[in-house]
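Here's the structure we're looking at; comments come further down.
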Amino acid sequence: MADSDTFIPALHTPSALLPIARHRDALLYTIETNPVTILIGPTGSGKTTQLPQYLEQAGWCSDGKIIAVTQATATTIATRVAAETGTSLGQKVGYSIRFEDVTSAATKIKFLTDGLLLREALVDPLLSRYSVIMVDEAHERSLSSDVLLGILKKIRKKRPKLRIVVSSATLQAEEFLRFFAGDDAGDDQATGSIGRIVSIEGRAFPVDIHYLSEPCEEYLERAVQTVFDIHASEPEGDILIFLPGRDDIETAIEKIVDHIPSLSAKADKLLPLPLYAGLMTEQQLYVFEPAPEATRKVICATNIAEASVTIAGITHVIDPGYVKLRVYNPTTGIDTLTPTPISRASATQRAGRAGRTKPGKCYRLYTEAAYTHTMPETTVPDIQRSDLAPLVLQLKALGIDNLARFDFLSPPPAELLVRALELLYALGALDDYAKLTKPLGTRVAELGIEPMLAKALLSSPDFGCVNEMLSIAAMLQASGQGSGVWFSHDNKTAEEKARRFFAVEEGDHLTLLNVYQAFVTKGKQEAKWCQKHYLNFKTLSRAVRIRNQLRRALERFGIVVTDPAADVGVLKAGGLPIQTRILRSLTSGFFPHAARMQADGTFRAVGGQSGKGSRGEDGGGGAAMVMHAHPSSLMFNRKAEWVVFGEVVEMRGKVYIREVSRVERGWLGELGGGYYSIR
DNA sequence: GCCTGGACA
């Protein structure tokens, strides 16, 4: 990802001058003679853009096979490589991402996301179209790239001619090689014959690292002070501060603004700017614009600036040493989002951001002793701290039934796998032998949305609300990852008013449906209308596309999707109101996420049995966790009794539920498939 | 009284 340089075409170097050019022949020889090549190539080495071209020139596509490169920014890289080869995009060089397949019969080099390549393995288990598969930035250890490596290791045994290239940071290269080599009973001798590690130099400038001599308690205060110290004594060049989240960013900016009047009138100006995923696009673009004359930019960013987004002109990095990490607790089923000390690998990556255009400096707001002795070498990979239900589904769909024997790069804790299996069993997606049920389990896997939501959607024909559930599912899938349905705004009252405009008494799901229907009807699919209502145009457009994809999937399953029913609120002849039918359909998927409101307005989870004997209605006798409706939920300071919810997140010691809707107590027993003993 | 970051026929 670091190679993408998305917003700074001026930095592109003629390809012949890139460091990798020197290694061309050696690299091709290594790949020719080794099934697996681990490529250590830092930012700016040209590995992602050049290596696929070398391979193509060397004849790796001559027998009709093609080269795959998995990359998070497939679009950008493909565009650049197509330009370099002087061909138009989708011809020799193409890309494939979720909603766009820009490839053709002529395509020889295909950039795609690792998730998509995994999807292809469902249809073509040996990925036989490809002669070389390059897994780029594998050290980032995303769920899907970890699974992909496991699958590739299996495939390699059946396809000796396949070549695998794994690009990695220095720290993890040995681990990747050991993984591919360590076959039967950890045979270290095999390492040499399976693969090689090749290292190419980057194009980065040196970065001076400064540590604190004493640990500091107020990193925010200290970061702001450091900004002004730099500004007073260092030559021109922009500053990048890594902060854990949005509120820290906003506070930091306020503090900087407060201090600005203390600068002398003759001094250069300071321009603090925020950068995080939830910002509106236009606001995000400010950080890429050159600062005005005699002004120094101070970019206060989340981890988005560590690898995903590159900003030109940064010469000073301030690193307080924290990141917000999502960790799933398999015992409680709760995700926690906590500021956590970063790893040394992460610290190195952050420092490197100061040396992209000229020599730079990095100020670490921790001691060298902390760096050496207390910070972990690498971050715990996703696979060891996530809800694994989606992963289990995917592996089962690929025919890997014995998860205990699957070759994981880093095996997940058993509790995580057990929890995932229990949930999928409760939903009816797995049978007593932990095999995918037919048709439900295979369909849940194929939909590729989170399992509870998939179950709710697949149940919707029984309740006569397929159309509505399609829209709700699309809205839920489209939001998240920083891009919410609504924008948060400085003007809180206006924001609240905008939310209330679409509010539906029954809860967040019907409210989302309401927003979706308003967006697509009355010809309102436009940015202006969204702006007026504080809605995120990008998220809603995405929802429309996701809905189409889901609808096509349902049609493949033979589920009839009729034309959208009339407005919400219309009674179906002789049946229940549409709202009730939707809520019942939701309950049939989200029953494991049920809660009851207490007199004080907080919620308690309703304990399910999940194979361990039935529990009562209020959490099985134990002290149930106190949960709060998330402030973004409609149920925040509203009355309800029984509810289902989408997710639970713990932040700052408080547990929040999001996407909350009212249900009836009896439905949990009726639709919960025996999960609850309540009637 | 609020969500780190990616992504899926």
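Labels for the structure tokens follow display order: chains A, B, ..., residues from 1 in each chain, ligands from 1.
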
Checklist entry - Counting only C-alpha atoms (C1' of nucleotides), which residues of chain A come no farther than 10 Å from chain B, as a PyMOL selection string? => result chain A and resi 72-73+97-99+113-120+140+142-144+243-247+276-278+302-308+323-326+337-339+446-449+480-484+488+549+552-553+630-633+636+649+651+656

Next on the checklist: Residues of range 102-293 of chain A classed as helix (DSSP H, G or I) by DSSP on the backbone are to be reported as an MDAnalysis selection string.
Outcome noted: chainID A and resid 114:123 138:140 143:158 170:181 188:194 219:233 246:262 281:288

Item to check | Å distance separating CA of Leu27 in chain A from CA of Ile40 in chain A, one decimal place | outcome: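 Distance reported for this atom pair: 11.5 Å.
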
Item to check | Selection: 12 Å around Asp382 in chain A, only C-alpha atoms (C1' of nucleotides), excl. self and same-chain fewer than 2 positions, as a ChimeraX atom specification | outcome: /A:139-147,325-328,378-380,384-388,391,409-413,416 /B:5-6

Any chance you can output those residues with N, CA and C atoms (P, O5', C5', C4', C3', O3' and C1' of nucleotides) as an mmCIF file, in the first residue's frame?
data_model
loop_
_atom_site.group_PDB
_atom_site.id
_atom_site.type_symbol
_atom_site.label_atom_id
_atom_site.label_comp_id
_atom_site.auth_asym_id
_atom_site.auth_seq_id
_atom_site.Cartn_x
_atom_site.Cartn_y
_atom_site.Cartn_z
ATOM 1 N N HIS A 139 2.907 -8.394 5.213
ATOM 2 C CA HIS A 139 3.245 -8.163 6.623
ATOM 3 C C HIS A 139 2.155 -7.400 7.357
ATOM 4 N N GLU A 140 1.231 -6.806 6.617
ATOM 5 C CA GLU A 140 0.137 -6.108 7.304
ATOM 6 C C GLU A 140 -0.827 -7.092 7.957
ATOM 7 N N ARG A 141 -0.759 -8.337 7.539
ATOM 8 C CA ARG A 141 -1.449 -9.427 8.217
ATOM 9 C C ARG A 141 -2.960 -9.237 8.334
ATOM 10 N N SER A 142 -3.593 -8.834 7.261
ATOM 11 C CA SER A 142 -5.056 -8.756 7.274
ATOM 12 C C SER A 142 -5.613 -10.176 7.289
ATOM 13 N N LEU A 143 -6.875 -10.292 7.723
ATOM 14 C CA LEU A 143 -7.513 -11.607 7.766
ATOM 15 C C LEU A 143 -7.412 -12.316 6.426
ATOM 16 N N SER A 144 -7.783 -11.587 5.367
ATOM 17 C CA SER A 144 -7.856 -12.274 4.080
ATOM 18 C C SER A 144 -6.479 -12.596 3.519
ATOM 19 N N SER A 145 -5.475 -11.764 3.775
ATOM 20 C CA SER A 145 -4.167 -12.136 3.227
ATOM 21 C C SER A 145 -3.593 -13.318 4.003
ATOM 22 N N ASP A 146 -3.873 -13.406 5.295
ATOM 23 C CA ASP A 146 -3.441 -14.583 6.056
ATOM 24 C C ASP A 146 -4.085 -15.864 5.520
ATOM 25 N N VAL A 147 -5.383 -15.796 5.268
ATOM 26 C CA VAL A 147 -6.070 -16.976 4.746
ATOM 27 C C VAL A 147 -5.531 -17.317 3.365
ATOM 28 N N LEU A 325 -6.850 -0.209 18.825
ATOM 29 C CA LEU A 325 -6.859 -1.568 18.299
ATOM 30 C C LEU A 325 -8.170 -2.236 18.655
ATOM 31 N N ARG A 326 -8.763 -2.876 17.687
ATOM 32 C CA ARG A 326 -10.009 -3.599 17.933
ATOM 33 C C ARG A 326 -9.675 -5.022 18.350
ATOM 34 N N VAL A 327 -10.178 -5.422 19.495
ATOM 35 C CA VAL A 327 -9.917 -6.774 19.984
ATOM 36 C C VAL A 327 -11.230 -7.433 20.375
ATOM 37 N N TYR A 328 -11.474 -8.591 19.829
ATOM 38 C CA TYR A 328 -12.722 -9.309 20.096
ATOM 39 C C TYR A 328 -12.510 -10.280 21.245
ATOM 40 N N THR A 378 5.897 -6.935 16.732
ATOM 41 C CA THR A 378 4.874 -6.697 15.706
ATOM 42 C C THR A 378 3.497 -6.676 16.369
ATOM 43 N N THR A 379 2.519 -6.152 15.655
ATOM 44 C CA THR A 379 1.160 -6.105 16.172
ATOM 45 C C THR A 379 0.542 -7.501 16.093
ATOM 46 N N VAL A 380 -0.270 -7.854 17.069
ATOM 47 C CA VAL A 380 -0.976 -9.139 17.017
ATOM 48 C C VAL A 380 -1.827 -9.162 15.747
ATOM 49 N N GLN A 384 -5.904 -13.251 15.175
ATOM 50 C CA GLN A 384 -5.858 -13.641 16.581
ATOM 51 C C GLN A 384 -6.666 -12.718 17.480
ATOM 52 N N ARG A 385 -7.378 -11.769 16.895
ATOM 53 C CA ARG A 385 -8.164 -10.865 17.731
ATOM 54 C C ARG A 385 -9.474 -10.428 17.063
ATOM 55 N N SER A 386 -9.990 -11.255 16.150
ATOM 56 C CA SER A 386 -11.238 -10.897 15.478
ATOM 57 C C SER A 386 -12.310 -11.960 15.692
ATOM 58 N N ASP A 387 -13.540 -11.544 15.491
ATOM 59 C CA ASP A 387 -14.641 -12.494 15.389
ATOM 60 C C ASP A 387 -14.385 -13.347 14.140
ATOM 61 N N LEU A 388 -14.272 -14.647 14.318
ATOM 62 C CA LEU A 388 -13.848 -15.480 13.189
ATOM 63 C C LEU A 388 -14.990 -16.161 12.432
ATOM 64 N N LEU A 391 -14.579 -15.922 8.734
ATOM 65 C CA LEU A 391 -13.458 -16.743 8.277
ATOM 66 C C LEU A 391 -13.823 -18.219 8.254
ATOM 67 N N LEU A 409 -0.879 -19.250 9.271
ATOM 68 C CA LEU A 409 0.388 -18.551 9.480
ATOM 69 C C LEU A 409 0.566 -18.286 10.971
ATOM 70 N N SER A 410 -0.495 -17.791 11.610
ATOM 71 C CA SER A 410 -0.533 -17.681 13.074
ATOM 72 C C SER A 410 -1.855 -18.288 13.502
ATOM 73 N N PRO A 411 -1.839 -19.418 14.173
ATOM 74 C CA PRO A 411 -3.099 -20.063 14.528
ATOM 75 C C PRO A 411 -3.916 -19.177 15.466
ATOM 76 N N PRO A 412 -5.210 -19.046 15.232
ATOM 77 C CA PRO A 412 -6.050 -18.264 16.139
ATOM 78 C C PRO A 412 -6.256 -19.035 17.441
ATOM 79 N N PRO A 413 -6.505 -18.326 18.552
ATOM 80 C CA PRO A 413 -6.808 -19.019 19.797
ATOM 81 C C PRO A 413 -8.036 -19.903 19.620
ATOM 82 N N LEU A 416 -11.578 -18.470 20.036
ATOM 83 C CA LEU A 416 -12.149 -17.687 18.944
ATOM 84 C C LEU A 416 -12.846 -18.603 17.940
ATOM 85 P P DG B 5 -9.937 5.525 10.732
ATOM 86 O "O5'" DG B 5 -9.228 4.383 9.869
ATOM 87 C "C5'" DG B 5 -7.853 4.513 9.535
ATOM 88 C "C4'" DG B 5 -7.364 3.208 8.953
ATOM 89 C "C3'" DG B 5 -8.216 2.683 7.804
ATOM 90 O "O3'" DG B 5 -7.765 3.265 6.594
ATOM 91 C "C1'" DG B 5 -7.704 0.946 9.330
ATOM 92 P P DG B 6 -8.785 3.325 5.376
ATOM 93 O "O5'" DG B 6 -8.180 2.197 4.463
ATOM 94 C "C5'" DG B 6 -9.039 1.248 3.949
ATOM 95 C "C4'" DG B 6 -8.328 -0.062 3.826
ATOM 96 C "C3'" DG B 6 -9.197 -1.084 3.108
ATOM 97 O "O3'" DG B 6 -8.979 -0.980 1.720
ATOM 98 C "C1'" DG B 6 -8.478 -1.968 5.153
#

Checklist entry - For Glu221 in chain A, which residue out of A:Leu365, A:Ala404, A:Ala354, A:Ala105 is the nearest one, using only C-alpha atoms? => result A:Leu365

Item to check | Between CA of Pro439 in chain A and CA of Arg542 in chain A, distance in Å (one decimal) | outcome: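 That distance, rounded to one decimal, is 27.8 Å.
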
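Between CA of Ala420 in chain A and CA of Val466 in chain A the interatomic distance comes to 26.5 Å.
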
Quick check for you: according to DSSP on this backbone, which residues of range 324-457 of chain A are classed as strand (DSSP E or B)? Reply as a CSV table (one decimal) with N, CA and C atoms, in the first residue's frame.
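File produced: out.csv:
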chain,number,residue,atom,x,y,z
A,324,LYS,N,-5.5,2.9,18.2
A,324,LYS,CA,-6.7,2.2,18.7
A,324,LYS,C,-6.8,0.8,18.0
A,325,LEU,N,-6.8,-0.2,18.8
A,325,LEU,CA,-6.9,-1.6,18.3
A,325,LEU,C,-8.2,-2.2,18.7
A,326,ARG,N,-8.8,-2.9,17.7
A,326,ARG,CA,-10.0,-3.6,17.9
A,326,ARG,C,-9.7,-5.0,18.4
A,327,VAL,N,-10.2,-5.4,19.5
A,327,VAL,CA,-9.9,-6.8,20.0
A,327,VAL,C,-11.2,-7.4,20.4
A,328,TYR,N,-11.5,-8.6,19.8
A,328,TYR,CA,-12.7,-9.3,20.1
A,328,TYR,C,-12.5,-10.3,21.2
A,329,ASN,N,-13.4,-10.2,22.2
A,329,ASN,CA,-13.3,-11.1,23.4
A,329,ASN,C,-14.3,-12.3,23.2
A,334,ILE,N,-17.7,-9.4,23.0
A,334,ILE,CA,-17.6,-7.9,22.8
A,334,ILE,C,-16.3,-7.5,22.2
A,335,ASP,N,-16.4,-6.6,21.2
A,335,ASP,CA,-15.3,-6.0,20.7
A,335,ASP,C,-14.8,-4.8,21.6
A,336,THR,N,-13.5,-4.7,21.8
A,336,THR,CA,-13.1,-3.5,22.5
A,336,THR,C,-12.2,-2.7,21.6
A,337,LEU,N,-12.4,-1.4,21.7
A,337,LEU,CA,-11.6,-0.5,20.9
A,337,LEU,C,-10.8,0.4,21.9
A,338,THR,N,-9.5,0.0,22.0
A,338,THR,CA,-8.7,0.7,23.1
A,338,THR,C,-7.4,1.2,22.5
A,339,PRO,N,-7.1,2.4,23.0
A,339,PRO,CA,-5.7,2.9,22.7
A,339,PRO,C,-4.7,1.9,23.2
A,340,THR,N,-3.8,1.5,22.4
A,340,THR,CA,-2.8,0.4,22.7
A,340,THR,C,-1.4,0.9,22.3
A,341,PRO,N,-0.4,0.6,23.0
A,341,PRO,CA,1.0,0.9,22.5
A,341,PRO,C,1.2,0.2,21.2
A,360,GLY,N,14.7,13.5,7.3
A,360,GLY,CA,13.7,14.0,8.2
A,360,GLY,C,14.0,13.6,9.6
A,361,LYS,N,13.1,14.0,10.5
A,361,LYS,CA,13.2,13.7,11.9
A,361,LYS,C,12.0,13.1,12.5
A,362,CYS,N,12.1,12.2,13.4
A,362,CYS,CA,11.0,11.6,14.1
A,362,CYS,C,11.1,11.8,15.6
A,363,TYR,N,10.1,12.3,16.2
A,363,TYR,CA,10.1,12.5,17.7
A,363,TYR,C,9.2,11.5,18.3
A,364,ARG,N,9.8,10.6,19.0
A,364,ARG,CA,9.0,9.5,19.7
A,364,ARG,C,8.7,10.0,21.1
A,365,LEU,N,7.4,10.0,21.5
A,365,LEU,CA,7.1,10.5,22.8
A,365,LEU,C,7.1,9.4,23.8
A,366,TYR,N,8.1,8.6,23.7
A,366,TYR,CA,8.4,7.6,24.7
A,366,TYR,C,9.9,7.4,24.8
A,367,THR,N,10.3,6.6,25.8
A,367,THR,CA,11.8,6.5,26.0
A,367,THR,C,12.3,5.4,25.1
A,430,LEU,N,-24.3,-24.2,10.3
A,430,LEU,CA,-23.5,-25.5,10.5
A,430,LEU,C,-24.4,-26.5,11.1
A,436,LEU,N,-21.2,-27.2,6.6
A,436,LEU,CA,-22.2,-26.2,6.2
A,436,LEU,C,-23.5,-26.9,5.8
